[in-house]
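Reading through the structure tokens given below for one structure.
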Amino acid sequence: MTPHHNRAFRLALVLPLGLLAGYFLLLLGGQAPYLNGSTLRAELSSSTLLDAIRLSLVSATIATLAALAFAVPAGYALARLNFPGKRLLDTLLDLPVVLTPVALGTLILMALNTPPGRFLHSLGLTLPFTVAGVIAAQFTVVVAMAVRMLKASFEEISPRYEQVARLLGCSAGGSFLRVTLPLARRGIIASFILCWARAIGEFGATVMVAGTARGQTATLPSSIYLAMSAADLSRAVVLILILILISFAVLFLVRLVGGRRP
Amino acid sequence: MTPHHNRAFRLALVLPLGLLAGYFLLLLGGQAPYLNGSTLRAELSSSTLLDAIRLSLVSATIATLAALAFAVPAGYALARLNFPGKRLLDTLLDLPVVLTPVALGTLILMALNTPPGRFLHSLGLTLPFTVAGVIAAQFTVVVAMAVRMLKASFEEISPRYEQVARLLGCSAGGSFLRVTLPLARRGIIASFILCWARAIGEFGATVMVAGTARGQTATLPSSIYLAMSAADLSRAVVLILILILISFAVLFLVRLVGGRRP
Amino acid sequence: DEITVFAGSASQPPLEELAAAYRQQTGNRVILHFGGSGTMLNQIRLTGAGDLYIPGSPDFLSKAQRFQLLDPGAKILAYLLPAIIVPKGNPAKISGLNDLARPGLRVGMADPEGVCVGLYGVELLAFNHQLEKVRPNLVGMVESCAKAAAMIPLGQVDAVLGWREFGSWNPAASEVILLRPEQIPRIAYIPAAVIRTSSRKRAAGDFLRFLTGPEGAAVFARWGYITDETDIRRLAPQATLGGEYPLPGDWQ
Amino acid sequence: MIRAEQLRIACGDFRLGPVDLSIPAGSYLTLLGPSGAGKTILLEALMGLLKPAAGRVLLNGEEMAAQPPERRNIAYLPQDLALFPHLSVQDNILFGSRVRRLDPAASRDRLAELVAMLDLEGPLTRRDISTLSGGEKQRVALARALLPNPQLLFLDEPHSALDAGITRQLQIKLRQINRELGVTILHVTHDQEEAFMLGGQIAVLIDGRLQQLGSSDEIYYGPANLSVARFLRHQNIFSLTVAERLPDGRMRLRGELDLVCASGRDLPVGTRVAVGIRNEEVTLIRPDRPVGDDLRDNLFAAVIVDIFGFGGYHTLVVKIRESPATIELNLPNCAFRDLGLGTGDKVRISLRARSLWVLPPDDGEPRGQHSYMEG
Amino acid sequence: MIRAEQLRIACGDFRLGPVDLSIPAGSYLTLLGPSGAGKTILLEALMGLLKPAAGRVLLNGEEMAAQPPERRNIAYLPQDLALFPHLSVQDNILFGSRVRRLDPAASRDRLAELVAMLDLEGPLTRRDISTLSGGEKQRVALARALLPNPQLLFLDEPHSALDAGITRQLQIKLRQINRELGVTILHVTHDQEEAFMLGGQIAVLIDGRLQQLGSSDEIYYGPANLSVARFLRHQNIFSLTVAERLPDGRMRLRGELDLVCASGRDLPVGTRVAVGIRNEEVTLIRPDRPVGDDLRDNLFAAVIVDIFGFGGYHTLVVKIRESPATIELNLPNCAFRDLGLGTGDKVRISLRARSLWVLPPDDGEPRGQHSYMEG
Ligand SMILES: Nc1ncnc2c1ncn2[C@@H]1O[C@H](COP(=O)(O)OP(=O)(O)OP(=O)(O)O)[C@@H](O)[C@H]1O
Ligand SMILES: Nc1ncnc2c1ncn2[C@@H]1O[C@H](COP(=O)(O)OP(=O)(O)OP(=O)(O)O)[C@@H](O)[C@H]1O
Ligand SMILES: [Mg+2]
Ligand SMILES: [Mg+2]
């Protein structure tokens with residue numbers, strides 16, 4: 001159907017979108033005066049930049065996948081099971097969103113000082129100032145968001161389909177894998193995108209847990225932070241641009257691949 | 001139907017959830033050793049704390065409502081209209097998620113130095129180091145997230161309902177208000193919750209744009225950050241607890257009110 | 001051997017250069033973590049990691065000592081002198097402290113309740129009886145040295161009351177207006193100390209000596225720092241070195 | 001075999017049961033009832049998809065709900081179809097075979113057979129099931145249920161969106177599946193013609209209660225109560241009084257009509273009863289023909305007051321002379337045309353004694369009769 | 001009034017049209033066709049909800065698609081119902097009245113009237129429409145469409161989930177709305193009996209093409225082609241040759257059967273034609289009765305080979321003696337019982353000359369006949 005929107009309505013739709021787009025373009029373009037060719041060249045030829053990019057991509061991807069690995073079953077459990085304390089648990093999940101990442105990083109460090117944290121350490125998993133710490137920090141920041149989004153996705157899927165699938169011969173696990181999971185595909189892709197974006201941009205908790213050692217635990221955002229805290233704006237701008245470009249490229253690809261019907 | 005999950009499947013669902021819950025509880029509980037009664041009392045009796053709480057609540061709420069005011073039409077436009085460059089625009093919306101808030105704050109400041117930014121300034125809207133700046137920073141951080149979530153919500157709603165509503169006599173705007181918007185209710189509440197949580201915890205961009213003047217532009221998270229950067233862990237822990245409690249209370253209320261059928 | 005250093009981000013360029021030089025000379029690797037000095041202090045406190053702590057200002061040294069995180073025997077790597085920083089070309093035509101009180105001027109400063117440069121700035125204004133006059137012009141209280149420094153290139157303010165060294169962090173965008181020597185009540189410094197829980201104290205001490213030795217001084221000087229006490233005394237003869245200044249009771 | 005014992009279900013305000021029902025293996029049970037009677041609820045309760053408020057359902061002697069659904073071996077065509085939206089038409093149909101790991105070659109053959117039977121060649125290659133027409137969706141859901149050769153088949157209004165041609169073919173096919181393969185079928189429908197055609201036992205459900213269970217003849221000629229009679233569109237129902245028992249065992253009834261009926265019920269003289277006859281059983285006597293013996297008893301002169309055409313037949317509403325009663329009857333098209341009838345024409349009709357049923361009007365006063373014009 | 005001019009629609013592989021159709025104001029048009037014929041697509045195209053690939057639709061002379069939907073004054077009952085999931089039953093029904101700001105008191109009266117008519121008292125207070133039964137949903141959607149007293153009513157299979165009783169009432173009601181209020185109704189159905197009963201014009205759509213448009217009698221006795229005949233379940237179709245034109249204008253046909261028919265078609269001797277007759281028009285001649293004049297022409301001796309009961313009537317399949325042909329016929333229940341017929345019994349049947357239709361077999365060889373057993 002031709003939508004037949006009258007002009008006022010169409011304007012009410014398009015104007016906010018246009019304003020937002022303009023604003024974001026301004027945010028992107030405002031950097032231009034601070035951009036400086038020689039810094040760009042210097043930065044691009046630096047080997048620590050490559051390290052930072054690699055670490056950022058790898059850690060964001062691992063953290064996101066790990067978060068989804070937890071969030072898919074946890075979100076499904078929250079959507080379908082009923083148990084005492086479910087509401088409390090749900091509220092607990094707001095923790096990492098509500099908290100400033102730096103504070104969250106601090107809480108992670110504090111938690112590592114508790115008996116369970118020390119037990120983890122005794123198993124050989126050292127988080128402070130390691131790459132594992134980078135991933136753990138990013139995981140912590142995004143996992144709750146992933147659970148929340150997937151819970152919402154699963155709630156939208158009528159349990160009817162699972163009923164029918166089970167009568168057709170599927171086990172509980174089978175009907176989850178064959179029916180519910182594919183039906184939640186859009187939600188899963190959306191939460192992958194949001195979590196990955198958040199993870200690759202995450203810096204507060206990462207820096208707190210893993211520090212900023214160049215070539216070791218410094219991600220792109222922590223390099224940006226370093227440049228800014230050394231008041232080196234032109235380097236910061238270059239790094240910001242690189243972060244934006246890389247992320248946009250990856251997210252565009254994910255959309256392209258995920259957008260296709262399986 | 002009794003779900004008839006076999007034990008392995010049930011375990012595969014409940015285990016990740018249990019682990020997550022345990023982890024988050026650990027994060028909450030790990031602070032205990034650093035909590036200090038006298039700091040708590042001192043902090044609770046300080047008037048700047050009240051100011052910070054008030055500012056945090058007010059700015060997060062205004063920023064979230066403003067973000068929704070943009071995101072509802074923008075998300076709907078993205079979900080229903082087709083126009084050239086839509087995909088590009090969609091990618092542009094990842095900007096604030098991908099970027100470290102500190103970097104985003106920097107971009108905001110840079111954008112204010114451009115002609116459109118200066119025009120805004122000449123209109124009397126001064127962002128740097130003002131409460132308006134706090135709100136603008138939080139708005140920028142959450143608005144794209146809100147657009148993304150609402151777009152997803154609107155996409156899930158079949159245009160069929162609007163068709164039928166319009167044949168029944170609704171204008172385009174009317175069918176949006178009477179049908180699509182209420183159908184997106186859950187999505188709108190979910191994005192309010194996520195955006196509000198993110199806004200109240202937001203600190204990087206806020207501090208960059210508005211600074212941390214006590215009693216003026218200092219929010220709870222920036223007070224936390226100040227305490228941390230002054231290496232005052234026991235104050236930080238108190239503030240973190242206060243932030244968590246207040247946010248949980250508000251989000252719980254929103255869920256309670258929003259969860260009811262209208 | 002490999003040592004881990006937690007350093008305030010202000011000293012990033014000279015330290016990176018020195019770490020590289022040190023590695024070439026001794027083969028020992030120095031892992032540098034930069035960040036806010038207070039944040040790093042928390043990290044040391046919470047993890048017990050690291051060998052050497054180099055905060056951006058002396059107040060963090062005292063805090064760390066109060067938490068008994070450091071070995072005795074802290075060293076000074078460079079001195080920090082209060083000054084006014086203005087945008088390149090000095091568009092607001094500021095020549096000294098009194099000009100900061102000019103109505104309508106936007107003056108930036110770090111938060112005195114946590115950042116050394118802010119605290120010393122308040123003292124400086126009070127010492128020169130300018131505090132009440134400049135106060136209406138103070139627009140932003142940022143929470144770190146670096147942000148105070150960045151306020152000039154980002155065009156947020158007309159002047160920043162900060163360290164003289166801010167000028168050399170952003171030579172392209174900023175200009176330093178030095179104060180008259182008798183106006184300066186207190187100066188700061190970049191300290192360095194070995195962390196108590198370090199497991200490589202000898203190596204840490206070696207690197208600390210390298211930093212304070214001639215090569216270290218030369219590099220810091222090249223990045224615009226004053227490393228020699230006699231030099232700094234020329235610019236601020238009566239100033240106290242480090243220490244804390246109690247904020248006036250009506251400060252809010 | 002499936003057994004419901006004192007089964008009660010509560011859904012919101014709606015109460016179903018108590019239902020006692022047993023469905024022997026290999027039987028064909030049609031569950032017939034009006035919209036909102038609780039057919040879908042009963043069906044889902046019998047499958048163990050709804051938790052009973054009381055009573056229980058047994059599958060081969062074991063509690064149905066205790067068995068995992070995938071072991072119940074029930075193929076279900078839900079009224080809302082519940083086709084899997086993420087699967088293509090073919091994958092939807094093959095779902096059961098895949099998850100049960102049936103032989104792929106056999107499944108392909110079966111697929112081809114079902115596609116031919118259900119006339120689904122066109123839609124079969126469709127990726128997006130939302131583009132199917134209403135009836136195509138229903139046929140795909142039916143194919144999905146039939147493909148894995150289930151032992152139990154639960155069908156909730158499987159033909160509601162289909163035209164008569166394919167419906168007839170499918171009815172035949174279902175009977176065949178039931179008889180030749182021994183598949184137990186529970187078939188929900190609101191269509192009495194379908195129920196009668198399918199030929200097995202019919203359970204009539206009205207207002208959440210099983211009103212009658214019996215063969216099609218039993219239900220056709222002897223509705224158990226007035227609700228059933230009305231639902232089955234017995235349009236001619238009269239409230240009369242037993243006047244006399246005749247020596248041949250029949251009864252004479254009086255009231256708005258005087259009738260003789262052959263009902264075997266042992267009702268004492270003076271009882272008020274409801275008496276009825278289906279439209280199809282009312283005979284219009286051709287003016288040129290002699291009246292047969294069996295038509296003599298309840299012979300009335302009447303006037304046509306209304307005529308409705310339905311393609312294959314016409315329905316006449318006639319007013320009995322010297323009585324306030326009107327009667328509806330159906331006339332095959334050819335007969336109607338032959339006779340050239342019109343409104344106002346005088347006719348003779350007969351209500352055969354053995355086609356009349358008699359009920360004590362225990363469930364409320366019988367309403368005089370339902371008329372087409374009531375709605 | 002609505003006018004489609006050379007309307008063509010393309011949906012995926014499916015092609016509809018070209019359709020030329022005009023629906024005068026106040027008319028009742030029934031769109032009849034099998035599942036998948038394109039009925040829903042045509043309906044939505046006529047409403048301007050689908051963009052035509054070619055041609056156009058006019059509403060009172062103006063391009064339909066150019067008018068905002070809310071001005072078209074069409075009430076639509078979609079096949080998928082599209083009840084608003086966030087509204088209660090009552091709010092769903094009142095939606096149109098609210099958005100059009102009709103007088104609330106009048107709407108309440110109308111609501112009460114519709115609720116009574118549609119037997120929705122129980123569900124009316126329900127908040128959650130997902131708890132409604134299939135038929136209740138359909139009735140709520142119908143009430144929603146009817147409430148604002150529209151000028152145009154588009155109904156897509158409005159009775160598919162409803163039992164015969166309420167369906168009949170609604171059919172009557174719709175006719176009344178059409179006649180008394182002058183509402184133009186376009187009614188999609190797959191049920192030929194419903195189409196014939198509604199009494200207006202019938203458009204037969206098969207395979208995306210309008211095959212025939214006419215009154216119920218025209219379509220009942222004279223299907224325009226074999227597709228229509230088959231769809232309308234003319235089970236007796238034969239391929240014969242014109243052998244002779246009789247002096248009274250009738251034709252003699254020969255082939256598997258020798259028939260005389262009254263068709264007025266001007267076909268030369270030697271033409272191969274398809275000849276058919278509906279089940280309902282085949283007359284079984286009672287053994288004790290004389291054969292009427294009009295039954296003499298095509299009188300055959302036959303043997304019963306199969307019997308199907310449908311409640312109100314039985315369908316007999318009989319084999320003609322001295323011919324390979326079998327013929328199906330419907331017999332009213334009472335007649336069937338009177339005659340006490342069984343498989344193997346010998347009977348006489350007559351195919352009346354004036355009930356036979358004749359078509360040049362232009363759309364392919366006519367298939368001998370459809371049998372119930374085909375499926
Ligand atoms: N959750 C519920 N809450 C309240 N009433 C319910 C609920 N579920 C079903 N009902 C009501 O129970 C009655 C029976 O529903 P059911 O779906 O079994 O009817 P049905 O016989 O299948 O009718 P149809 O032929 O229309 O599908 C209906 O009136 C329905 O509205
Ligand atoms: N988007 C599409 N892509 C491909 N085919 C389609 C699409 N939409 C409809 N069709 C096909 O067009 C044909 C006609 O569809 P339509 O819904 O009009 O059928 P219908 O006559 O209403 O049938 P029913 O009685 O089963 O509802 C169907 O075969 C359907 O599968
Ligand atoms: Mg039902
Ligand atoms: Mg249709």
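Starting from 1 in every chain, residues are counted up; chains themselves are A, B, ... following the order of the structure tokens, and ligands are numbered from 1 as listed.
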
As a quick test: using only C-alpha atoms and all ligand atoms, which residues lie no more than 7 Å away from ligand 4? Give them as a tab-separated table (two decimals) with all heavy atoms, in the first residue's frame.
```tsv
chain	number	residue	atom	x	y	z
D	133	SER	N	-1.73	-18.47	0.70
D	133	SER	CA	-3.12	-18.09	0.93
D	133	SER	C	-3.63	-18.85	2.15
D	133	SER	O	-3.00	-19.80	2.63
D	133	SER	CB	-3.97	-18.41	-0.28
D	133	SER	OG	-4.32	-19.77	-0.29
D	134	GLY	N	-4.79	-18.42	2.67
D	134	GLY	CA	-5.33	-19.04	3.87
D	134	GLY	C	-5.47	-20.56	3.74
D	134	GLY	O	-5.03	-21.31	4.61
D	135	GLY	N	-6.03	-21.00	2.64
D	135	GLY	CA	-6.24	-22.42	2.47
D	135	GLY	C	-4.94	-23.18	2.24
D	135	GLY	O	-4.79	-24.33	2.66
E	35	SER	N	-9.33	-22.54	-3.06
E	35	SER	CA	-8.18	-22.06	-2.29
E	35	SER	C	-7.01	-21.79	-3.22
E	35	SER	O	-6.67	-22.60	-4.07
E	35	SER	CB	-7.80	-23.15	-1.27
E	35	SER	OG	-6.59	-22.84	-0.67
E	36	GLY	N	-6.40	-20.62	-3.07
E	36	GLY	CA	-5.24	-20.27	-3.88
E	36	GLY	C	-5.60	-19.64	-5.21
E	36	GLY	O	-4.74	-19.41	-6.05
E	38	GLY	N	-6.68	-16.67	-5.79
E	38	GLY	CA	-6.35	-15.25	-5.85
E	38	GLY	C	-7.46	-14.36	-5.33
E	38	GLY	O	-7.47	-13.16	-5.58
E	39	LYS	N	-8.39	-14.94	-4.59
E	39	LYS	CA	-9.52	-14.17	-4.09
E	39	LYS	C	-9.06	-13.05	-3.17
E	39	LYS	O	-9.45	-11.88	-3.33
E	39	LYS	CB	-10.48	-15.09	-3.30
E	39	LYS	CG	-11.02	-16.25	-4.11
E	39	LYS	CD	-12.02	-17.08	-3.32
E	39	LYS	CE	-11.44	-17.78	-2.11
E	39	LYS	NZ	-10.43	-18.81	-2.43
E	40	THR	N	-8.21	-13.40	-2.21
E	40	THR	CA	-7.74	-12.40	-1.27
E	40	THR	C	-6.96	-11.31	-1.99
E	40	THR	O	-7.11	-10.12	-1.71
E	40	THR	CB	-6.89	-13.08	-0.19
E	40	THR	OG1	-7.67	-14.06	0.47
E	40	THR	CG2	-6.37	-12.07	0.81
E	79	GLN	N	-9.03	-11.97	5.95
E	79	GLN	CA	-9.04	-13.40	6.22
E	79	GLN	C	-8.22	-13.72	7.47
E	79	GLN	O	-8.58	-14.59	8.24
E	79	GLN	CB	-8.46	-14.13	5.00
E	79	GLN	CG	-8.69	-15.64	5.03
E	79	GLN	CD	-8.26	-16.29	3.73
E	79	GLN	OE1	-7.56	-15.69	2.92
E	79	GLN	NE2	-8.65	-17.53	3.53
E	156	ASP	N	-13.67	-11.17	3.72
E	156	ASP	CA	-12.87	-12.27	3.20
E	156	ASP	C	-13.15	-13.53	4.02
E	156	ASP	O	-12.65	-13.68	5.12
E	156	ASP	CB	-11.38	-11.91	3.24
E	156	ASP	CG	-10.56	-12.80	2.32
E	156	ASP	OD1	-11.12	-13.80	1.82
E	156	ASP	OD2	-9.37	-12.51	2.11
```

Exercise. Contacts of Val5 in chain C at 8 Å or less, counting only C-alpha atoms, minus same-chain residues fewer than 5 places along, as number ranges by chain?
Worked result: C: 30-33, 50-54

Give me, as JSON lines, the closest atom pair and its distance (Å, one decimal) for every residue of chain B within a cut-off of 7 Å of chain C, counting only C-alpha atoms, rows sorted by chain and rising number.
```
{"residue": "B:Leu109", "atom": "CA", "partner": "C:Leu154", "partner_atom": "CA", "distance": 6.6}
{"residue": "B:Met110", "atom": "CA", "partner": "C:Leu154", "partner_atom": "CA", "distance": 6.3}
{"residue": "B:Pro128", "atom": "CA", "partner": "C:Gln156", "partner_atom": "CA", "distance": 6.8}
{"residue": "B:Phe129", "atom": "CA", "partner": "C:Gly140", "partner_atom": "CA", "distance": 5.4}
{"residue": "B:Gly211", "atom": "CA", "partner": "C:Val142", "partner_atom": "CA", "distance": 4.9}
{"residue": "B:Thr212", "atom": "CA", "partner": "C:Met141", "partner_atom": "CA", "distance": 5.5}
{"residue": "B:Ala213", "atom": "CA", "partner": "C:Met141", "partner_atom": "CA", "distance": 5.1}
{"residue": "B:Leu226", "atom": "CA", "partner": "C:Glu143", "partner_atom": "CA", "distance": 6.3}
{"residue": "B:Met228", "atom": "CA", "partner": "C:Thr39", "partner_atom": "CA", "distance": 6.0}
{"residue": "B:Ser229", "atom": "CA", "partner": "C:Gly38", "partner_atom": "CA", "distance": 4.1}
{"residue": "B:Ala230", "atom": "CA", "partner": "C:Gly114", "partner_atom": "CA", "distance": 4.9}
{"residue": "B:Ala231", "atom": "CA", "partner": "C:Gly38", "partner_atom": "CA", "distance": 4.5}
```

Print the selection's residues with C-alpha atoms to a file, as a compact mmCIF listing (two decimals), in the first residue's frame.
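Contents of part_8.txt, freshly written:
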```txt
# COMPACT_ATOMS: atom_id res chain seq x y z
CA LEU B 109 33.21 19.58 22.23
CA MET B 110 34.81 19.63 18.81
CA PRO B 128 30.32 23.24 28.15
CA PHE B 129 30.24 23.05 31.93
CA GLY B 211 33.04 18.87 34.00
CA THR B 212 32.55 17.87 37.58
CA ALA B 213 31.73 21.04 39.46
CA LEU B 226 36.33 11.90 41.33
CA MET B 228 38.33 7.10 42.52
CA SER B 229 40.75 9.44 40.89
CA ALA B 230 41.40 10.91 44.30
CA ALA B 231 42.13 7.31 45.31
```

With only C-alpha atoms considered, list every residue of chain E at most 7 Å from chain D, as a short mmCIF file (atom, residue, chain, number, x, y, z; two decimals) with N, CA, C and O atoms, in the first residue's frame.
```cif
data_model
loop_
_atom_site.label_atom_id
_atom_site.label_comp_id
_atom_site.auth_asym_id
_atom_site.auth_seq_id
_atom_site.Cartn_x
_atom_site.Cartn_y
_atom_site.Cartn_z
N PRO E 34 -11.72 -21.50 -5.56
CA PRO E 34 -11.03 -22.47 -4.71
C PRO E 34 -9.87 -21.81 -3.96
O PRO E 34 -9.51 -20.67 -4.24
N SER E 35 -9.33 -22.54 -3.06
CA SER E 35 -8.18 -22.06 -2.29
C SER E 35 -7.01 -21.79 -3.22
O SER E 35 -6.67 -22.60 -4.07
N GLY E 36 -6.40 -20.62 -3.07
CA GLY E 36 -5.24 -20.27 -3.88
C GLY E 36 -5.60 -19.64 -5.21
O GLY E 36 -4.74 -19.41 -6.05
N MET E 117 -26.45 -10.10 17.98
CA MET E 117 -26.53 -10.80 16.71
C MET E 117 -25.43 -11.85 16.57
O MET E 117 -25.65 -12.94 16.05
N SER E 133 -11.78 -18.08 21.05
CA SER E 133 -11.72 -19.25 20.18
C SER E 133 -11.68 -18.77 18.73
O SER E 133 -11.93 -17.60 18.44
N GLY E 135 -13.62 -19.16 16.16
CA GLY E 135 -14.86 -18.57 15.65
C GLY E 135 -15.20 -17.26 16.34
O GLY E 135 -15.75 -16.35 15.72
N GLU E 136 -14.87 -17.16 17.61
CA GLU E 136 -15.14 -15.91 18.32
C GLU E 136 -14.30 -14.77 17.73
O GLU E 136 -14.79 -13.66 17.53
N SER E 160 -15.83 -18.76 7.77
CA SER E 160 -15.10 -20.03 7.63
C SER E 160 -14.98 -20.77 8.95
O SER E 160 -14.89 -21.99 8.96
N ALA E 161 -14.97 -20.05 10.07
CA ALA E 161 -14.78 -20.75 11.34
C ALA E 161 -16.09 -20.90 12.10
O ALA E 161 -16.08 -21.26 13.26
N LEU E 162 -17.21 -20.64 11.46
CA LEU E 162 -18.47 -20.63 12.19
C LEU E 162 -19.36 -21.80 11.81
O LEU E 162 -19.35 -22.27 10.67
N ASP E 163 -20.16 -22.22 12.77
CA ASP E 163 -21.05 -23.34 12.50
C ASP E 163 -22.26 -22.88 11.68
O ASP E 163 -22.53 -21.69 11.54
N ALA E 164 -22.99 -23.87 11.16
CA ALA E 164 -24.05 -23.58 10.20
C ALA E 164 -25.11 -22.66 10.78
O ALA E 164 -25.63 -21.77 10.10
N GLY E 165 -25.43 -22.80 12.06
CA GLY E 165 -26.51 -22.01 12.65
C GLY E 165 -26.21 -20.53 12.57
O GLY E 165 -26.97 -19.75 11.98
N GLN E 169 -27.67 -17.30 10.04
CA GLN E 169 -28.18 -16.03 10.56
C GLN E 169 -27.41 -14.85 9.99
O GLN E 169 -27.99 -13.82 9.65
N LEU E 170 -26.11 -15.02 9.92
CA LEU E 170 -25.30 -13.90 9.43
C LEU E 170 -25.54 -13.66 7.95
O LEU E 170 -25.56 -12.52 7.48
N ILE E 172 -28.28 -14.13 6.33
CA ILE E 172 -29.54 -13.40 6.25
C ILE E 172 -29.31 -11.93 6.59
O ILE E 172 -29.79 -11.01 5.92
N LYS E 173 -28.53 -11.73 7.67
CA LYS E 173 -28.28 -10.38 8.14
C LYS E 173 -27.55 -9.56 7.08
O LYS E 173 -27.87 -8.39 6.83
N HIS E 190 -15.24 -19.58 -0.29
CA HIS E 190 -14.90 -20.76 -1.08
C HIS E 190 -16.09 -21.72 -1.10
O HIS E 190 -16.00 -22.81 -1.66
N ASP E 191 -17.18 -21.28 -0.47
CA ASP E 191 -18.30 -22.18 -0.23
C ASP E 191 -19.41 -21.86 -1.23
O ASP E 191 -20.07 -20.83 -1.15
N GLU E 193 -22.29 -23.11 -1.68
CA GLU E 193 -23.64 -23.04 -1.13
C GLU E 193 -23.91 -21.64 -0.57
O GLU E 193 -24.96 -21.05 -0.78
N PHE E 196 -24.48 -19.26 -3.47
CA PHE E 196 -25.80 -19.36 -4.08
C PHE E 196 -26.86 -18.78 -3.16
O PHE E 196 -27.83 -18.17 -3.59
N MET E 197 -26.68 -18.99 -1.87
CA MET E 197 -27.67 -18.53 -0.91
C MET E 197 -27.73 -17.02 -0.85
O MET E 197 -28.80 -16.44 -0.65
N TYR E 220 -25.21 -21.77 -11.71
CA TYR E 220 -25.58 -23.12 -11.28
C TYR E 220 -25.87 -24.01 -12.48
O TYR E 220 -25.41 -25.14 -12.57
N PHE E 231 -14.98 -26.96 -10.42
CA PHE E 231 -14.93 -26.33 -9.12
C PHE E 231 -16.28 -26.39 -8.42
O PHE E 231 -16.36 -26.60 -7.21
N ARG E 233 -18.24 -28.64 -8.48
CA ARG E 233 -18.51 -30.05 -8.19
C ARG E 233 -19.63 -30.61 -9.06
O ARG E 233 -20.50 -31.34 -8.58
N GLU E 280 -27.31 -33.03 -7.99
CA GLU E 280 -28.65 -32.75 -7.48
C GLU E 280 -29.71 -32.85 -8.56
O GLU E 280 -30.90 -32.97 -8.26
N GLU E 281 -29.29 -32.75 -9.83
CA GLU E 281 -30.25 -32.72 -10.92
C GLU E 281 -30.51 -34.10 -11.50
O GLU E 281 -31.37 -34.26 -12.37
N GLY E 309 -23.03 -41.31 2.95
CA GLY E 309 -24.04 -40.57 3.69
C GLY E 309 -23.50 -39.24 4.18
O GLY E 309 -22.35 -39.14 4.58
N PHE E 310 -24.31 -38.18 4.13
CA PHE E 310 -23.89 -36.87 4.59
C PHE E 310 -24.87 -36.28 5.57
O PHE E 310 -25.03 -35.08 5.64
N GLY E 311 -25.59 -37.12 6.27
CA GLY E 311 -26.58 -36.57 7.18
C GLY E 311 -27.85 -36.29 6.43
O GLY E 311 -28.70 -37.16 6.30
N GLY E 312 -27.98 -35.10 5.87
CA GLY E 312 -29.21 -34.70 5.20
C GLY E 312 -29.47 -35.45 3.90
O GLY E 312 -30.60 -35.54 3.46
N PRO E 332 -32.19 -37.25 -1.16
CA PRO E 332 -32.53 -36.79 0.20
C PRO E 332 -32.65 -38.00 1.11
O PRO E 332 -33.03 -39.09 0.68
N ASN E 333 -32.32 -37.75 2.36
CA ASN E 333 -32.27 -38.81 3.33
C ASN E 333 -33.55 -39.62 3.42
O ASN E 333 -33.52 -40.85 3.46
N CYS E 334 -34.67 -38.93 3.44
CA CYS E 334 -35.91 -39.66 3.65
C CYS E 334 -36.19 -40.57 2.47
O CYS E 334 -36.58 -41.73 2.62
N TYR E 372 -15.61 -39.28 -6.06
CA TYR E 372 -15.24 -39.07 -4.66
C TYR E 372 -14.01 -39.86 -4.31
O TYR E 372 -13.27 -39.51 -3.42
N MET E 373 -13.84 -40.98 -4.98
CA MET E 373 -12.76 -41.87 -4.57
C MET E 373 -11.42 -41.43 -5.14
O MET E 373 -10.40 -42.04 -4.87
N GLU E 374 -11.44 -40.38 -5.88
CA GLU E 374 -10.20 -39.96 -6.53
C GLU E 374 -9.11 -39.59 -5.53
O GLU E 374 -7.93 -39.83 -5.75
N GLY E 375 -9.50 -38.93 -4.42
CA GLY E 375 -8.52 -38.29 -3.52
C GLY E 375 -7.51 -39.27 -2.96
O GLY E 375 -7.86 -40.29 -2.45
#
```

For this session: Name the residues of range 94-143 of chain E that come out as helix (DSSP H, G or I) in a backbone DSSP run; write them as a ChimeraX atom specification.
Result: /E:94-99,104-117,121-124,129-131,134-143
